[in-house]
Amino acid sequence: MAAKSYMRVENVVKKFGPFTALDDVDLDIAPGEVHALLGDNGAGKSTLIKILSGVHQPTSGSIYVDGKKVFFRNPRDAAAAGIGTVYQDLAINQLMSVTRNFFMGRELTSTFGILRMDEMDKIAHEEMKKIGIDFTDPSQAVGTMSGGQRQTLAIARAIYFGAKVLILDEPTSALGQKQQMEVLKTIKRVRARGDIAIIFITHNEIHSKLIADRYTFLALGKVIGAGTKKELAGEDIRRLMAGGAEMADLEQELGAI
């Protein structure tokens with residue numbers, strides 16, 4: 001039985017003047033699933049995630065969260081509805097500590113405005129450990145962490161502050177293979193919780209095949225294919241089914257969580 005959708009997009013259109021960036025787009029996002037959103041540059045992926053995260057508003061169409069129709073006027077509205085977006089730039093200050101980045105703009109303070117660092121250190125450590133990073137020094141500068149660890153920090157932060165839909169914008173791009181696998185393992189751990197819906201935006205067909213449960217393919221603002229991994233097996237939609245030794249080696253490295 002398919003999981004019940006937590007977020008649903010129906011017939012969304014987005015126009016910028018005479019240009020149609022999205023045309024009649026549908027999307028279903030369910031807890032405990034990784035939904036891969038694939039497409040070349042200009043396909044409409046960025047526009048869609050900006051609508052889901054409240055940066056843009058749709059020209060027409062509807063968005064539902066937990067069965068209720070919503071309209072996000074801004075990113076604050078989307079965050080309040082449980083939409084957490086981790087962009088490629090991560091919004092991380094590499095000179096600041098792990099803990100200060102984890103709580104950036106949401107620091108815990110005493111009645112007198114003094115930072116409750118011990119409490120924040122403990123929370124940051126526990127939340128990152130839950131999804132695979134057990135760092136020993138929460139005061140270490142984020143710039144000393146690997147790219148994969150920084151992605152994990154951003155993901156743990158989004159979940160701790162209430163994300164029920166986690167939007168990951170090209171999380172494995174610009175990383176080496178080892179760091180890419182760190183990120184994919186983190187995504188598997190988040191999926192295993194069962195209460196988080198994950199949108200995985202990627203150009204990498206192999207990574208989508210390794211991690212995704214469901215797929216939506218965009219081209220020129222339109223959905224050109226969608227379905228579960230089982231439904232799309234054997235289909236030649238944007239060369240989804242990547243094979244060969246490279247695929248087998250990565251599957252073995254990713255392993256079971």
# chains A, B, ... in the order shown; residues from 1 in each chain; ligands from 1
call {"tool": "residues_around", "arguments": {"residues": "Gln177 (chain A)", "least_positions_apart": "5", "cutoff": "10 Å", "atoms": "only C-alpha atoms", "output": "NGL selection string"}}
result
:A and (148 or 172 or 182-183 or 250)
call {"tool": "residues_around", "arguments": {"residues": "region 217-225 of chain A", "least_positions_apart": "5", "cutoff": "12 Å", "atoms": "only C-alpha atoms", "output": "PyMOL selection string"}}
result
chain A and resi 10-15+19-27+35-48+200-203+205+208+231-232+235-240
call {"tool": "write_last_selection", "arguments": {"atoms": "C-alpha atoms", "output": "JSON list (two decimals), in the first residue's frame"}}
result
[["chain", "number", "residue", "atom", "x", "y", "z"],
["A", 10, "GLU", "CA", -1.84, 19.89, -8.07],
["A", 11, "ASN", "CA", -1.81, 21.57, -11.49],
["A", 12, "VAL", "CA", 0.80, 24.16, -10.49],
["A", 13, "VAL", "CA", 1.63, 26.77, -13.11],
["A", 14, "LYS", "CA", 4.28, 29.47, -12.71],
["A", 15, "LYS", "CA", 4.68, 32.28, -15.20],
["A", 19, "PHE", "CA", 7.53, 32.85, -19.92],
["A", 20, "THR", "CA", 6.00, 29.68, -18.44],
["A", 21, "ALA", "CA", 8.49, 28.11, -16.02],
["A", 22, "LEU", "CA", 6.10, 25.41, -14.76],
["A", 23, "ASP", "CA", 3.12, 24.06, -16.64],
["A", 24, "ASP", "CA", 0.47, 21.93, -14.89],
["A", 25, "VAL", "CA", 2.85, 20.18, -12.48],
["A", 26, "ASP", "CA", 1.63, 17.48, -10.07],
["A", 27, "LEU", "CA", 3.69, 16.01, -7.23],
["A", 35, "HIS", "CA", 11.18, 11.38, -4.01],
["A", 36, "ALA", "CA", 13.77, 12.19, -6.65],
["A", 37, "LEU", "CA", 13.14, 15.26, -8.80],
["A", 38, "LEU", "CA", 15.21, 15.04, -11.96],
["A", 39, "GLY", "CA", 15.73, 17.19, -15.02],
["A", 40, "ASP", "CA", 18.32, 19.16, -16.94],
["A", 41, "ASN", "CA", 19.09, 22.83, -16.34],
["A", 42, "GLY", "CA", 16.02, 24.86, -17.21],
["A", 43, "ALA", "CA", 13.66, 21.96, -16.54],
["A", 44, "GLY", "CA", 11.87, 23.85, -13.75],
["A", 45, "LYS", "CA", 13.30, 22.07, -10.69],
["A", 46, "SER", "CA", 14.57, 25.25, -9.02],
["A", 47, "THR", "CA", 11.32, 27.11, -9.66],
["A", 48, "LEU", "CA", 9.30, 24.25, -8.19],
["A", 200, "PHE", "CA", 15.91, 14.82, -3.58],
["A", 201, "ILE", "CA", 16.82, 17.17, -6.43],
["A", 202, "THR", "CA", 19.67, 15.80, -8.51],
["A", 203, "HIS", "CA", 21.25, 15.58, -11.95],
["A", 205, "GLU", "CA", 20.79, 9.29, -12.33],
["A", 208, "SER", "CA", 18.68, 8.71, -7.73],
["A", 231, "GLU", "CA", 6.97, 1.08, -11.98],
["A", 232, "LEU", "CA", 9.88, 2.66, -13.84],
["A", 235, "GLU", "CA", 11.84, 2.30, -18.73],
["A", 236, "ASP", "CA", 14.18, 4.57, -20.64],
["A", 237, "ILE", "CA", 13.08, 7.86, -19.04],
["A", 238, "ARG", "CA", 16.16, 10.10, -18.95],
["A", 239, "ARG", "CA", 18.33, 7.00, -18.70],
["A", 240, "LEU", "CA", 17.11, 6.36, -15.15]]
call {"tool": "select_by_dssp", "arguments": {"residues": "region 53-242 of chain A", "states": "strand (DSSP E)", "output": "PDB file with C-alpha atoms, in the first residue's frame"}}
result
ATOM      1  CA  SER A  60      -2.237  28.958 -10.471  1.00  0.00           C
ATOM      2  CA  GLY A  61      -2.720  25.524  -8.980  1.00  0.00           C
ATOM      3  CA  SER A  62      -2.897  24.237  -5.414  1.00  0.00           C
ATOM      4  CA  ILE A  63      -0.577  22.978  -2.678  1.00  0.00           C
ATOM      5  CA  TYR A  64      -1.773  20.799   0.190  1.00  0.00           C
ATOM      6  CA  VAL A  65       0.124  19.993   3.391  1.00  0.00           C
ATOM      7  CA  LYS A  68      -5.002  21.176   4.121  1.00  0.00           C
ATOM      8  CA  LYS A  69      -4.718  23.659   1.267  1.00  0.00           C
ATOM      9  CA  VAL A  70      -1.924  26.161   1.917  1.00  0.00           C
ATOM     10  CA  ILE A  83       8.924  22.561   4.912  1.00  0.00           C
ATOM     11  CA  GLY A  84      12.703  22.566   5.372  1.00  0.00           C
ATOM     12  CA  THR A  85      14.965  23.344   2.418  1.00  0.00           C
ATOM     13  CA  VAL A  86      18.694  22.622   2.337  1.00  0.00           C
ATOM     14  CA  VAL A 165       9.221  17.725   4.271  1.00  0.00           C
ATOM     15  CA  LEU A 166      12.972  17.926   3.664  1.00  0.00           C
ATOM     16  CA  ILE A 167      13.953  19.453   0.308  1.00  0.00           C
ATOM     17  CA  LEU A 168      17.558  18.662  -0.634  1.00  0.00           C
ATOM     18  CA  ASP A 169      18.856  20.765  -3.518  1.00  0.00           C
ATOM     19  CA  ALA A 197       9.258  13.113   3.467  1.00  0.00           C
ATOM     20  CA  ILE A 198      12.335  13.822   1.350  1.00  0.00           C
ATOM     21  CA  ILE A 199      12.540  15.601  -2.003  1.00  0.00           C
ATOM     22  CA  PHE A 200      15.906  14.820  -3.581  1.00  0.00           C
ATOM     23  CA  ILE A 201      16.822  17.171  -6.431  1.00  0.00           C
ATOM     24  CA  THR A 202      19.669  15.797  -8.507  1.00  0.00           C
ATOM     25  CA  ARG A 214       9.709   7.540  -6.304  1.00  0.00           C
ATOM     26  CA  TYR A 215      10.615   9.743  -9.274  1.00  0.00           C
ATOM     27  CA  THR A 216       9.323  12.789 -11.089  1.00  0.00           C
ATOM     28  CA  PHE A 217      11.062  13.958 -14.275  1.00  0.00           C
ATOM     29  CA  LEU A 218      10.749  17.532 -15.500  1.00  0.00           C
ATOM     30  CA  ALA A 219      11.596  18.992 -18.904  1.00  0.00           C
ATOM     31  CA  LYS A 222       6.424  19.912 -17.653  1.00  0.00           C
ATOM     32  CA  VAL A 223       6.284  16.506 -15.979  1.00  0.00           C
ATOM     33  CA  ILE A 224       7.444  14.022 -18.607  1.00  0.00           C
ATOM     34  CA  GLY A 225       7.474  10.936 -16.403  1.00  0.00           C
ATOM     35  CA  ALA A 226       6.691   9.856 -12.851  1.00  0.00           C
ATOM     36  CA  GLY A 227       6.373   6.694 -10.812  1.00  0.00           C
ATOM     37  CA  THR A 228       7.900   4.391  -8.241  1.00  0.00           C
TER      38      THR A 228
END
call {"tool": "residues_around", "arguments": {"residues": "Ser97 (chain A)", "least_positions_apart": "6", "cutoff": "10 Å", "atoms": "only C-alpha atoms", "output": "list in words"}}
result
Asp121, Asp137, Pro138, Ser139, Gln140, Ala141, Val142, Gly143 and Thr144 of chain A
call {"tool": "write_last_selection", "arguments": {"atoms": "C-alpha atoms", "output": "PDB file, in the first residue's frame"}}
result
ATOM      1  CA  ASP A 121      26.257  21.708  22.456  1.00  0.00           C
ATOM      2  CA  ASP A 137      34.021  18.697  19.728  1.00  0.00           C
ATOM      3  CA  PRO A 138      30.904  20.819  19.091  1.00  0.00           C
ATOM      4  CA  SER A 139      33.060  23.936  19.299  1.00  0.00           C
ATOM      5  CA  GLN A 140      35.098  22.977  16.228  1.00  0.00           C
ATOM      6  CA  ALA A 141      34.829  25.275  13.240  1.00  0.00           C
ATOM      7  CA  VAL A 142      32.522  24.017  10.506  1.00  0.00           C
ATOM      8  CA  GLY A 143      35.253  24.777   7.975  1.00  0.00           C
ATOM      9  CA  THR A 144      37.235  21.812   9.370  1.00  0.00           C
TER      10      THR A 144
END
call {"tool": "select_by_dssp", "arguments": {"residues": "region 56-162 of chain A", "states": "alpha helix (DSSP H)", "output": "PyMOL selection string"}}
result
chain A and resi 75-80+98-102+117-130+147-160
call {"tool": "write_last_selection", "arguments": {"atoms": "C-alpha atoms", "output": "mmCIF file, in the first residue's frame"}}
result
data_model
loop_
_atom_site.group_PDB
_atom_site.id
_atom_site.type_symbol
_atom_site.label_atom_id
_atom_site.label_comp_id
_atom_site.auth_asym_id
_atom_site.auth_seq_id
_atom_site.Cartn_x
_atom_site.Cartn_y
_atom_site.Cartn_z
ATOM 1 C CA PRO A 75 9.696 31.140 3.417
ATOM 2 C CA ARG A 76 8.547 31.747 6.991
ATOM 3 C CA ASP A 77 5.081 30.425 6.093
ATOM 4 C CA ALA A 78 6.621 27.331 4.485
ATOM 5 C CA ALA A 79 8.853 26.677 7.494
ATOM 6 C CA ALA A 80 5.865 26.994 9.833
ATOM 7 C CA VAL A 98 29.165 23.379 14.727
ATOM 8 C CA THR A 99 26.822 24.393 17.537
ATOM 9 C CA ARG A 100 26.607 28.056 16.551
ATOM 10 C CA ASN A 101 25.771 27.025 12.981
ATOM 11 C CA PHE A 102 23.184 24.523 14.199
ATOM 12 C CA MET A 117 26.085 26.851 25.249
ATOM 13 C CA ASP A 118 26.220 23.589 27.221
ATOM 14 C CA GLU A 119 22.591 22.848 26.349
ATOM 15 C CA MET A 120 23.070 23.807 22.704
ATOM 16 C CA ASP A 121 26.257 21.708 22.456
ATOM 17 C CA LYS A 122 24.375 18.676 23.789
ATOM 18 C CA ILE A 123 21.443 19.113 21.390
ATOM 19 C CA ALA A 124 23.648 19.658 18.346
ATOM 20 C CA HIS A 125 25.723 16.577 19.199
ATOM 21 C CA GLU A 126 22.682 14.350 19.798
ATOM 22 C CA GLU A 127 20.791 15.460 16.702
ATOM 23 C CA MET A 128 23.746 14.962 14.383
ATOM 24 C CA LYS A 129 24.562 11.612 15.957
ATOM 25 C CA LYS A 130 21.023 10.425 15.164
ATOM 26 C CA GLY A 147 31.494 18.572 2.685
ATOM 27 C CA GLY A 148 29.405 15.512 3.549
ATOM 28 C CA GLN A 149 29.481 16.362 7.254
ATOM 29 C CA ARG A 150 28.385 19.934 6.534
ATOM 30 C CA GLN A 151 25.438 18.584 4.547
ATOM 31 C CA THR A 152 24.558 16.382 7.523
ATOM 32 C CA LEU A 153 24.704 19.407 9.817
ATOM 33 C CA ALA A 154 22.289 21.328 7.591
ATOM 34 C CA ILE A 155 19.929 18.340 7.381
ATOM 35 C CA ALA A 156 19.982 17.718 11.159
ATOM 36 C CA ARG A 157 19.313 21.417 11.775
ATOM 37 C CA ALA A 158 16.294 21.428 9.443
ATOM 38 C CA ILE A 159 14.807 18.330 11.090
ATOM 39 C CA TYR A 160 15.364 19.580 14.636
#
call {"tool": "atom_distance", "arguments": {"atom1": "CA of Phe72 (chain A)", "atom2": "CA of Ile92 (chain A)"}}
result
24.4 Å
call {"tool": "atom_distance", "arguments": {"atom1": "CA of Ile133 (chain A)", "atom2": "CA of Ser53 (chain A)"}}
result
26.4 Å
call {"tool": "atom_distance", "arguments": {"atom1": "CA of Tyr6 (chain A)", "atom2": "CA of Lys185 (chain A)"}}
result
23.0 Å
call {"tool": "closest_residue", "arguments": {"among": "A:Leu175, A:Leu108, A:Leu184, A:Ile196", "to": "Gly162 (chain A)", "atoms": "only C-alpha atoms"}}
result
A:Ile196
call {"tool": "closest_residue", "arguments": {"among": "A:Lys50, A:Lys188, A:Phe161, A:Thr59", "to": "Met104 (chain A)", "atoms": "only C-alpha atoms"}}
result
A:Phe161
call {"tool": "closest_residue", "arguments": {"among": "A:Ile131, A:Ile51, A:Ile114, A:Leu254", "to": "Arg191 (chain A)", "atoms": "only C-alpha atoms"}}
result
A:Ile131
